[in-house]
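**Q** Here's a structure for you.
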Amino acid sequence: MDWSAFLPPVIVSVKVAVVSSIIVFLLATVVAWMMANCSLRRGTSVIETVLLLPLVLPPTVVGFILLILLGRKSWIGTAFESLFQQTIVFTWGAAVVAAVVVAFPLAYRTIKAGFEAVDPEVEQAARAQGANEWQVFRHITMPLAYRPLISGYILGFARGLGEFGATLMLAGNIPEQTQTLPTAIYTVSEVGNMTLSWSWVAVIILFSFIMLMLSNRLVKD
């Protein structure tokens, strides 16, 4: 085993998955709580459809849209480049952005279902005792929905780890920088290096198996 070739994509993938899953968890928790407690039903179905759209779109389509939105010709890309003297695309950060966009819907749907399962009368009782919204969320809603919260994080991590299409479009496939496990597998399998391909496939399967097993145990407990 050539560890110098094997380890870099693993390290990049784990870093991208960890950072993106934390961002996804925070965003999904806030947005899911807002949507679950939204008193205005009008227009929420449209908003939720937009939030869930990356779940059904081909990853290459998501990557293309991100490339247009964040590329050098976009106002976001131009502003970023003028501030930080570098582009967003074809960087490690771009891989994180791609993973966040693709993994968000999965975590959001799981966490929102958990918030909706919390008995609103318990939350109302806490408000009647003088608790503000943050206190209700922190001491009532989150403890009662902790299983879906953890499950949402796990699913977001697993989805970010396995992201391929959007990452390839937005971040490229630069060895030791943006080359993740899926893009590395694609590259080496093209040249017939099946030993290295199977090694990376085994890593992804192992990570995914552990994540899904933990998620399933949370649901059943």
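Lettering and numbering for the structure tokens are positional, with chains as A, B, ... in the shown order, residues counted from 1 in each chain, and ligands counted from 1 in the shown order.
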Can you build me a table of segment 82-180 of chain A residues sitting at most 10 Å from segment 15-27 of chain A, with the closest atom pair per residue and its distance in Å to one decimal, using only C-alpha atoms, sorted by chain and residue number, as a Markdown table?
**A**
```
| residue | atom | partner | partner_atom | distance |
| --- | --- | --- | --- | --- |
| A:Trp92 | CA | A:Val16 | CA | 7.7 |
| A:Gly93 | CA | A:Val16 | CA | 8.2 |
| A:Ala94 | CA | A:Val16 | CA | 9.6 |
| A:Ala95 | CA | A:Val16 | CA | 6.7 |
| A:Val96 | CA | A:Ser20 | CA | 5.3 |
| A:Val97 | CA | A:Ser20 | CA | 7.3 |
| A:Ala98 | CA | A:Ser20 | CA | 8.7 |
| A:Ala99 | CA | A:Ser20 | CA | 6.1 |
| A:Val100 | CA | A:Ser20 | CA | 5.2 |
| A:Val101 | CA | A:Val24 | CA | 8.1 |
| A:Val102 | CA | A:Val24 | CA | 9.5 |
| A:Ala103 | CA | A:Val24 | CA | 7.0 |
| A:Phe104 | CA | A:Val24 | CA | 5.4 |
| A:Pro105 | CA | A:Val24 | CA | 8.9 |
| A:Leu106 | CA | A:Val24 | CA | 9.5 |
| A:Ala107 | CA | A:Phe25 | CA | 6.8 |
| A:Tyr108 | CA | A:Phe25 | CA | 8.0 |
| A:Ile111 | CA | A:Phe25 | CA | 8.8 |
| A:Leu149 | CA | A:Phe25 | CA | 8.0 |
| A:Ile150 | CA | A:Phe25 | CA | 8.9 |
| A:Gly152 | CA | A:Phe25 | CA | 7.1 |
| A:Tyr153 | CA | A:Phe25 | CA | 5.5 |
| A:Ile154 | CA | A:Ser21 | CA | 8.0 |
| A:Leu155 | CA | A:Ser21 | CA | 8.7 |
| A:Gly156 | CA | A:Ser21 | CA | 5.4 |
| A:Phe157 | CA | A:Ser21 | CA | 4.8 |
| A:Ala158 | CA | A:Ala17 | CA | 7.5 |
| A:Arg159 | CA | A:Ala17 | CA | 8.2 |
| A:Gly160 | CA | A:Ala17 | CA | 5.1 |
| A:Leu161 | CA | A:Ala17 | CA | 5.0 |
| A:Gly162 | CA | A:Ala17 | CA | 8.6 |
| A:Glu163 | CA | A:Ala17 | CA | 9.2 |
| A:Thr178 | CA | A:Val16 | CA | 9.1 |
| A:Thr180 | CA | A:Val16 | CA | 8.3 |
```
**Q** Leaving out segment 56-64 of chain A and any residue of its chain fewer than 3 positions from it, which residues lie within 8 Å of it when counting only C-alpha atoms, given as a VMD selection string?
**A** chain A and resid 52 to 53 67 to 68 98 102 164 to 170
**Q** Residues of chain A classed as alpha helix (DSSP H) by DSSP on the backbone are to be reported as a PyMOL selection string.
**A** chain A and resi 3-36+44-56+59-70+75-84+92-116+120-128+133-136+142-144+146-161+165-170+181-190+194-220
**Q** Find the residues around Arg109 of chain A up to 10 Å (only C-alpha atoms counted), leave out those fewer than 5 positions away in its own chain, and share them as number ranges by chain.
**A** A: 28-29, 32, 48, 51-52, 104, 114, 148, 152
**Q** Can you work out which one of A:Thr78, A:Thr44, A:Gln85, A:Thr195 has the shortest atom-to-atom distance to Val31 of chain A, counting only C-alpha atoms?
**A**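 Of A:Thr78, A:Thr44, A:Gln85, A:Thr195, the one nearest Val31 of chain A, counting only C-alpha atoms, is A:Thr44.
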**Q** As a VMD selection string, please: the residues near segment 202-206 of chain A (cut-off 10 Å, only C-alpha atoms, same-chain neighbours under 3 positions excluded).
**A** chain A and resid 10 13 158 161 to 162 181 to 182 196 to 199 209 to 211
**Q** Export N, CA, C and O atoms of the chosen residues as a compact mmCIF listing (two decimals), in the first residue's frame?
**A**
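The new file result.txt reads:
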```txt
# COMPACT_ATOMS: atom_id res chain seq x y z
N VAL A 10 -8.25 10.77 1.77
CA VAL A 10 -8.97 10.44 2.99
C VAL A 10 -8.99 11.64 3.93
O VAL A 10 -10.04 12.00 4.49
N SER A 13 -11.22 14.44 2.50
CA SER A 13 -12.64 14.07 2.62
C SER A 13 -13.15 14.22 4.05
O SER A 13 -14.25 14.73 4.27
N ALA A 158 -22.44 11.90 6.46
CA ALA A 158 -22.30 10.81 5.48
C ALA A 158 -22.53 11.32 4.06
O ALA A 158 -21.81 10.92 3.13
N LEU A 161 -19.53 13.35 2.94
CA LEU A 161 -18.37 12.50 2.69
C LEU A 161 -18.44 11.87 1.30
O LEU A 161 -17.42 11.69 0.64
N GLY A 162 -19.63 11.55 0.85
CA GLY A 162 -19.78 10.87 -0.42
C GLY A 162 -20.08 11.77 -1.61
O GLY A 162 -20.32 11.27 -2.71
N LEU A 181 -12.37 11.57 -1.63
CA LEU A 181 -12.40 10.12 -1.92
C LEU A 181 -13.19 9.79 -3.19
O LEU A 181 -12.69 9.03 -4.03
N PRO A 182 -14.40 10.32 -3.39
CA PRO A 182 -15.14 9.98 -4.62
C PRO A 182 -14.41 10.41 -5.89
O PRO A 182 -14.37 9.65 -6.87
N LEU A 196 -5.96 0.55 -5.38
CA LEU A 196 -6.17 1.82 -4.69
C LEU A 196 -7.65 2.19 -4.69
O LEU A 196 -8.18 2.71 -3.70
N SER A 197 -8.33 1.93 -5.81
CA SER A 197 -9.76 2.22 -5.88
C SER A 197 -10.54 1.46 -4.82
O SER A 197 -11.37 2.03 -4.10
N TRP A 198 -10.27 0.15 -4.70
CA TRP A 198 -10.97 -0.67 -3.72
C TRP A 198 -10.64 -0.24 -2.29
O TRP A 198 -11.50 -0.32 -1.39
N SER A 199 -9.42 0.21 -2.07
CA SER A 199 -9.04 0.67 -0.73
C SER A 199 -9.87 1.88 -0.32
O SER A 199 -10.37 1.96 0.81
N PHE A 209 -21.32 2.89 6.65
CA PHE A 209 -21.95 1.84 7.45
C PHE A 209 -22.05 2.26 8.91
O PHE A 209 -23.11 2.11 9.54
N ILE A 210 -20.97 2.81 9.44
CA ILE A 210 -20.97 3.24 10.84
C ILE A 210 -21.98 4.36 11.06
O ILE A 210 -22.75 4.36 12.03
N MET A 211 -22.00 5.35 10.15
CA MET A 211 -22.91 6.47 10.28
C MET A 211 -24.37 6.02 10.23
O MET A 211 -25.20 6.43 11.04
```
**Q** Measuring between only C-alpha atoms, which one of A:Tyr146, A:Phe80, A:Trp134, A:Trp200 shows the shortest distance to Phe6 of chain A?
**A**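 When distances to Phe6 of chain A are compared using only C-alpha atoms, the smallest one comes from A:Trp200.
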